[in-house]
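Enquirer: This structure is in structure tokens; I'll ask about it shortly.
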Amino acid sequence: MDTKYIFVTGGVVSSLGKGIISASIGKLLQARGYQVTIQKFDPYINIDPGTLNPYEHGECYVTEDGFETDLDLGHYERFTGIRTTRHNSITTGRIYKAVIDRERRGDYLGKTIQVVPHITDEIKRRMLHTEVRGERQEVRNYSQPQDYPLTSCHSPLTSNYDFVITEVGGTIGDIESAPFMEAIRQLRWELGRNAVCIHLTYVPYLKAADELKTKPTQHSVKELQGMGIQPDILVLRTERHLDDAVRKKVASFCNVDLECVVQSEDMPSIYEVPVNMQRQGLDAAILRKMGIPVGETPAMKPWHDFLEKQRRATTEVHIALVGKYDLQDAYKSIRESLNLAGIYNNVKAKIHFVNSEEVTTENVATRLEGMAGVVICPGFGQRGVEGKIVAAEYCRTHDIPTFGICLGMQMMVIEFARNVLGYADANSSEMSADTQHPVINLMEEQKTVTNMGGTMRLGAYDCQLREGSRAYDAYTTAGLSTPRPCREGPGGGSLIRERHRHRYEFNNEYREDFEQYGMQCVGINPAADLVEIVEIPTLRWYIGTQFHPEYSSTVLHPHPLFMSFVKACTNS
């Protein structure tokens with residue numbers, strides 16, 4: 001069949017959960033046997049979220065082909081298991097840059113460049129995944145993983161999809177969203193029944209009046225209609241159940257079929273949203289709107305089995321996140337990875353944020369009291385690093401299961417160098433350029449880089465595991481889920497593939513010292529000889545990874561390192 005397009009927009013307020021709804025739609029269509037991809041269009045002018053403050057935008061998610069994206073792509077991958085690429089994340093900045101680059105090359109032959117049609121045409125092209133000359137070179141070839149060919153990625157440009165789901169960030173009425181809305185308006189007419197528009201709005205409850213108010217939804221739909229877009233389906237975000245009378249009222253005022261008015265109530269878990277949407281027939285309504293036979297409702301047994309595990313996992317295991325960003329979305333993928341691993345270990349991961357800026361040798365015991373395990377979080381910059389080092393020392397000397405990720409791993413290395421190797425001034429050259437013992441140093445290929453945007457080591461790279469190590473056991477032990485199969489590496493061991501986002505690395509000049517005194521380098525990139533994983537085998541579970549395993553953890557395939565870590569926490 002022809003590729004079908006689903007556009008997801010939002011109204012009334014932001015942060016309603018368009019990403020969760022988009023991911024849920026993708027999951028439901030997948031369950032019916034369709035090939036699906038999901039993309040996010042963000043109206044901000046940044047080229048990508050790589051330089052955005054996590055306090056403003058949450059975590060920066062990294063795709064396998066090395067692109068820094070919006071955190072919603074993490075939801076897409078966790079729900080559907082697809083592997084997104086740079087083609088799944090588009091910003092206004094990328095749109096304008098592509099058009100301006102073409103204008104500078106003279107591709108428009110002297111024409112006046114305007115929002116309509118040039119910007120809207122570029123938006124439409126990307127919504128339809130149409131390849132043009134120069135697209136591959138648009139974003140930093142510099143940091144593209146050389147051993148990971150782009151054509152092997154799960155790329156919309158090289159695959160045939162039944163459905164392309166497009167989520168548009170922001171809220172209807174935002175000035176910066178106008179070109180995207182115009183592009184959708186044009187595509188709705190051009191594609192006919194091959195496109196549907198799903199509009200997510202908010203139905204507030206006024207306690208004083210004891211009423212649910214539909215007027216904001218009506219205004220939002222009218223504004224959408226004023227842009228020439230009639231929504232086919234409405235998803236009403238609500239904190240209270242909507243009865244049929246409310247749904248009928250919305251359907252009548254918004255020119256939408258009653259069966260196409262779906263409510264998205266608060267659920268105990270975001271992973272129950274797909275089941276709730278299926279129960280109300282959201283996927284069936286989409287198919288009917290597009291003239292596709294609905295057929296039987298999929299059983300989704302693996303998903304229901306997971307939800308049943310989640311309901312039974314009530315015993316709490318307390319895990320500390322030691323980091324500097326006191327914002328839930330700043331470590332979204334880590335939190336979700338811990339939650340998923342907890343469920344598959346039959347426990348509920350109770351996560352406690354510990355601000356590393358406030359951790360000192362005097363209070364670390366109090367801050368980490370009662371914690372069965374500790375995650376030393378990733379990040380950049382000087383702020384809060386000494387607190388992470390103090391936490392790492394406390395965990396090492398008290399044999400608390402500890403998982404260091406990226407910068408967290410580097411802080412574990414620095415702590416070990418200071419307190420075990422005796423290099424009192426050991427540090428990262430990121431934090432102290434004049435340290436005499438830079439056990440963490442700037443990567444050689446980064447030393448000539450001046451542009452901050454998209455120039456780090458980004459994307460998926462191979463890592464060879466040392467046989468017999470705890471990391472090796474985590475990836476290969478029966479019963480633990482592996483997100484991708486291990487492969488035989490040169491000289492023995494197994495090759496895994498994980499995603500990176502960093503500029504600094506373990507300094508190999510010190511590798512022999514670390515190995516001699518008990519911190520083993522058990523994961524190595526075979527091409528660059530980069531230390532990817534360190535561990536102390538004499539402790540119960542003390543592992544640091546230069547890569548970000550949280551990016552590869554999904555609902556049906558939790559990451560093996562998180563699985564192993566949480567298991568160690570439950571045995572504390």
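Chain identifiers are assigned as A, B, and so on, following the order in which chains appear in the structure tokens; residues are numbered from 1 within each chain, and ligands are numbered from 1 in order of appearance.
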Find the spatial neighbours of region 220-236 of chain A, counting only C-alpha atoms, within a cut-off of 9 Å - ignore same-chain residues fewer than 6 positions away - and output them as a count of residues only.

Expert: 40

Enquirer: If we count only C-alpha atoms and set the cut-off at 10 Å, which residues sit around region 77-84 of chain A, ignoring sequence neighbours fewer than 5 positions away in its own chain? Please answer as a PyMOL selection string.

Expert: chain A and resi 20+22-31+35-39+62-65+67+69+72+89+153-156+270-271+274+303+333+336-337+340+483+551-558

Enquirer: Can you check which residues of region 368-432 of chain A DSSP gives as helix (DSSP H, G or I) on the backbone and send them as a PyMOL selection string?

Expert: chain A and resi 385-397+407-419

Enquirer: What does the file look like for those residues with N, CA, C and O atoms, as a CSV table (one decimal), in the first residue's frame?

Expert:
chain,number,residue,atom,x,y,z
A,385,VAL,N,31.4,18.3,40.1
A,385,VAL,CA,32.3,17.1,39.8
A,385,VAL,C,32.9,16.6,41.1
A,385,VAL,O,33.1,15.4,41.3
A,386,GLU,N,33.3,17.5,42.0
A,386,GLU,CA,34.0,17.1,43.2
A,386,GLU,C,33.0,16.2,44.1
A,386,GLU,O,33.4,15.3,44.8
A,387,GLY,N,31.7,16.6,44.1
A,387,GLY,CA,30.7,15.8,44.8
A,387,GLY,C,30.6,14.4,44.2
A,387,GLY,O,30.4,13.4,45.0
A,388,LYS,N,30.7,14.3,42.9
A,388,LYS,CA,30.6,13.0,42.3
A,388,LYS,C,31.9,12.1,42.7
A,388,LYS,O,31.7,10.9,42.9
A,389,ILE,N,33.0,12.8,42.8
A,389,ILE,CA,34.2,12.1,43.2
A,389,ILE,C,34.1,11.6,44.6
A,389,ILE,O,34.5,10.5,44.9
A,390,VAL,N,33.6,12.4,45.5
A,390,VAL,CA,33.4,12.1,46.9
A,390,VAL,C,32.4,10.9,47.0
A,390,VAL,O,32.6,9.9,47.7
A,391,ALA,N,31.3,10.9,46.2
A,391,ALA,CA,30.3,9.8,46.2
A,391,ALA,C,31.0,8.5,45.7
A,391,ALA,O,30.7,7.5,46.2
A,392,ALA,N,31.8,8.6,44.6
A,392,ALA,CA,32.5,7.5,44.1
A,392,ALA,C,33.4,6.8,45.1
A,392,ALA,O,33.4,5.6,45.3
A,393,GLU,N,34.1,7.7,45.9
A,393,GLU,CA,35.0,7.1,46.9
A,393,GLU,C,34.2,6.4,48.0
A,393,GLU,O,34.6,5.3,48.4
A,394,TYR,N,33.1,7.0,48.4
A,394,TYR,CA,32.3,6.4,49.5
A,394,TYR,C,31.8,5.1,49.0
A,394,TYR,O,31.8,4.1,49.8
A,395,CYS,N,31.3,5.0,47.8
A,395,CYS,CA,30.7,3.8,47.3
A,395,CYS,C,31.8,2.7,47.2
A,395,CYS,O,31.5,1.5,47.5
A,396,ARG,N,32.9,3.1,46.7
A,396,ARG,CA,34.0,2.1,46.5
A,396,ARG,C,34.5,1.6,47.9
A,396,ARG,O,34.7,0.4,48.0
A,397,THR,N,34.7,2.4,48.8
A,397,THR,CA,35.2,2.0,50.1
A,397,THR,C,34.1,1.3,51.0
A,397,THR,O,34.5,0.6,51.9
A,407,LEU,N,30.7,10.9,32.0
A,407,LEU,CA,31.4,11.7,33.0
A,407,LEU,C,31.5,11.0,34.4
A,407,LEU,O,32.5,11.1,35.1
A,408,GLY,N,30.4,10.3,34.7
A,408,GLY,CA,30.4,9.5,35.9
A,408,GLY,C,31.5,8.5,36.0
A,408,GLY,O,32.2,8.3,37.0
A,409,MET,N,31.8,7.8,34.9
A,409,MET,CA,32.9,6.9,34.8
A,409,MET,C,34.2,7.6,35.0
A,409,MET,O,35.1,7.1,35.7
A,410,GLN,N,34.3,8.8,34.3
A,410,GLN,CA,35.6,9.5,34.4
A,410,GLN,C,35.8,9.9,35.9
A,410,GLN,O,37.0,10.0,36.3
A,411,MET,N,34.8,10.3,36.6
A,411,MET,CA,35.0,10.7,38.0
A,411,MET,C,35.4,9.5,38.9
A,411,MET,O,36.2,9.6,39.8
A,412,MET,N,34.9,8.3,38.5
A,412,MET,CA,35.3,7.1,39.2
A,412,MET,C,36.8,6.8,39.0
A,412,MET,O,37.6,6.4,39.9
A,413,VAL,N,37.3,7.1,37.8
A,413,VAL,CA,38.7,6.9,37.4
A,413,VAL,C,39.5,7.9,38.2
A,413,VAL,O,40.6,7.6,38.8
A,414,ILE,N,39.1,9.2,38.2
A,414,ILE,CA,39.9,10.2,38.9
A,414,ILE,C,40.0,9.9,40.4
A,414,ILE,O,41.0,10.0,41.0
A,415,GLU,N,38.8,9.5,41.0
A,415,GLU,CA,38.8,9.1,42.4
A,415,GLU,C,39.8,8.0,42.7
A,415,GLU,O,40.6,8.1,43.7
A,416,PHE,N,39.8,7.0,41.9
A,416,PHE,CA,40.7,5.9,42.1
A,416,PHE,C,42.2,6.3,42.0
A,416,PHE,O,43.1,5.9,42.7
A,417,ALA,N,42.5,7.2,41.0
A,417,ALA,CA,43.8,7.7,40.8
A,417,ALA,C,44.3,8.5,42.0
A,417,ALA,O,45.4,8.4,42.5
A,418,ARG,N,43.4,9.3,42.6
A,418,ARG,CA,43.8,10.1,43.8
A,418,ARG,C,44.0,9.3,45.0
A,418,ARG,O,45.0,9.5,45.8
A,419,ASN,N,43.1,8.4,45.3
A,419,ASN,CA,43.0,7.7,46.6
A,419,ASN,C,43.6,6.3,46.6
A,419,ASN,O,43.9,5.8,47.7

Enquirer: Using only C-alpha atoms, determine which residues lie at most 12 Å from Pro54 (chain A), disregarding the query and same-chain residues fewer than 6 positions distant; provide the list as an NGL selection string.

Expert: :A and (60-61 or 70-71 or 324-332 or 378-380)

Enquirer: Could you find all residues in region 325-529 of chain A that DSSP calls strand (DSSP E) from the backbone, and write them as an NGL selection string?

Expert: :A and (348-355 or 373-376 or 402-405 or 427-428 or 438-442 or 457-465 or 487-488 or 494-502 or 504-506 or 520-524)

Enquirer: Which of these residues is nearest to Asn160 (chain A), using only C-alpha atoms: A:Tyr55, A:Phe253, A:Tyr34, A:Phe353?

Expert: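 So, comparing all the options, the nearest one is A:Tyr34.
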
Enquirer: Would you kindly return, as a ChimeraX atom specification, each protein, DNA or RNA residue with an atom no farther than 8 Å from any atom of Ile524 (chain A), considering only C-alpha atoms and excluding same-chain residues fewer than 2 positions away?

Expert: /A:463-465,521-522,526,529-533

Enquirer: Please save N, CA, C and O atoms of the selected residues as an mmCIF file, in the first residue's frame.

Expert:
data_model
loop_
_atom_site.group_PDB
_atom_site.id
_atom_site.type_symbol
_atom_site.label_atom_id
_atom_site.label_comp_id
_atom_site.auth_asym_id
_atom_site.auth_seq_id
_atom_site.Cartn_x
_atom_site.Cartn_y
_atom_site.Cartn_z
ATOM 1 N N CYS A 463 32.748 -2.032 20.976
ATOM 2 C CA CYS A 463 33.497 -2.193 22.225
ATOM 3 C C CYS A 463 33.748 -3.682 22.416
ATOM 4 O O CYS A 463 32.805 -4.486 22.388
ATOM 5 N N GLN A 464 35.020 -4.050 22.597
ATOM 6 C CA GLN A 464 35.356 -5.455 22.807
ATOM 7 C C GLN A 464 35.442 -5.730 24.299
ATOM 8 O O GLN A 464 36.189 -5.088 25.033
ATOM 9 N N LEU A 465 34.659 -6.718 24.760
ATOM 10 C CA LEU A 465 34.597 -7.065 26.175
ATOM 11 C C LEU A 465 35.647 -8.108 26.528
ATOM 12 O O LEU A 465 35.895 -9.036 25.753
ATOM 13 N N CYS A 521 40.453 -2.406 32.953
ATOM 14 C CA CYS A 521 39.885 -1.817 31.734
ATOM 15 C C CYS A 521 39.357 -2.977 30.884
ATOM 16 O O CYS A 521 40.104 -3.597 30.121
ATOM 17 N N VAL A 522 38.075 -3.292 31.024
ATOM 18 C CA VAL A 522 37.519 -4.542 30.481
ATOM 19 C C VAL A 522 36.731 -4.341 29.191
ATOM 20 O O VAL A 522 36.224 -5.311 28.629
ATOM 21 N N PRO A 526 38.172 -1.459 19.591
ATOM 22 C CA PRO A 526 39.302 -2.062 18.878
ATOM 23 C C PRO A 526 39.934 -1.156 17.836
ATOM 24 O O PRO A 526 41.107 -1.320 17.506
ATOM 25 N N ASP A 529 41.449 2.028 20.342
ATOM 26 C CA ASP A 529 42.069 1.630 21.601
ATOM 27 C C ASP A 529 41.549 2.469 22.764
ATOM 28 O O ASP A 529 42.236 2.679 23.767
ATOM 29 N N LEU A 530 40.331 2.973 22.627
ATOM 30 C CA LEU A 530 39.702 3.783 23.665
ATOM 31 C C LEU A 530 39.139 2.877 24.756
ATOM 32 O O LEU A 530 38.468 1.886 24.475
ATOM 33 N N VAL A 531 39.427 3.221 26.018
ATOM 34 C CA VAL A 531 38.862 2.478 27.144
ATOM 35 C C VAL A 531 37.378 2.829 27.265
ATOM 36 O O VAL A 531 37.017 3.981 27.481
ATOM 37 N N GLU A 532 36.539 1.816 27.134
ATOM 38 C CA GLU A 532 35.093 2.013 27.151
ATOM 39 C C GLU A 532 34.464 1.632 28.484
ATOM 40 O O GLU A 532 33.457 2.196 28.881
ATOM 41 N N ILE A 533 35.048 0.635 29.165
ATOM 42 C CA ILE A 533 34.470 0.135 30.416
ATOM 43 C C ILE A 533 35.590 -0.107 31.425
ATOM 44 O O ILE A 533 36.615 -0.706 31.094
#

Enquirer: Which is closer to Phe506 (chain A) than all the others in A:Ser428, A:Asn571, A:Asn346, A:Thr3, using only C-alpha atoms?

Expert: A:Ser428

Enquirer: Skipping near chain neighbours, those fewer than 4 positions away, what residues fall within 8 Å of Gly518 (chain A) using only C-alpha atoms, listed as a PyMOL selection string?

Expert: chain A and resi 514+536-538

Enquirer: Now that the selection is made, can you save its residues with N, CA, C and O atoms as a CSV table (one decimal), in the first residue's frame?

Expert:
chain,number,residue,atom,x,y,z
A,514,PHE,N,46.4,1.5,36.6
A,514,PHE,CA,45.1,1.2,37.1
A,514,PHE,C,44.9,-0.3,37.1
A,514,PHE,O,44.4,-0.8,38.1
A,536,ILE,N,35.9,-2.7,39.0
A,536,ILE,CA,36.7,-3.3,40.1
A,536,ILE,C,36.2,-4.6,40.4
A,536,ILE,O,35.1,-4.7,41.1
A,537,PRO,N,36.7,-5.7,40.0
A,537,PRO,CA,36.1,-7.0,40.1
A,537,PRO,C,36.1,-7.5,41.6
A,537,PRO,O,35.3,-8.4,41.9
A,538,THR,N,36.9,-6.9,42.5
A,538,THR,CA,36.8,-7.4,43.9
A,538,THR,C,35.6,-6.8,44.6
A,538,THR,O,35.3,-7.3,45.7

Enquirer: Quick check, in Å to one decimal: how far apart do CA of Asp462 (chain A) and CA of Asn525 (chain A) lie?

Expert: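 Taking CA of Asp462 (chain A) and CA of Asn525 (chain A), their separation equals 5.7 Å.
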
Enquirer: Find, counting only C-alpha atoms, the residue in A:Cys406, A:Val13, A:Ala183, A:Met290 that gets nearest to Gly323 (chain A).

Expert: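 Nearest to Gly323 (chain A): A:Cys406.
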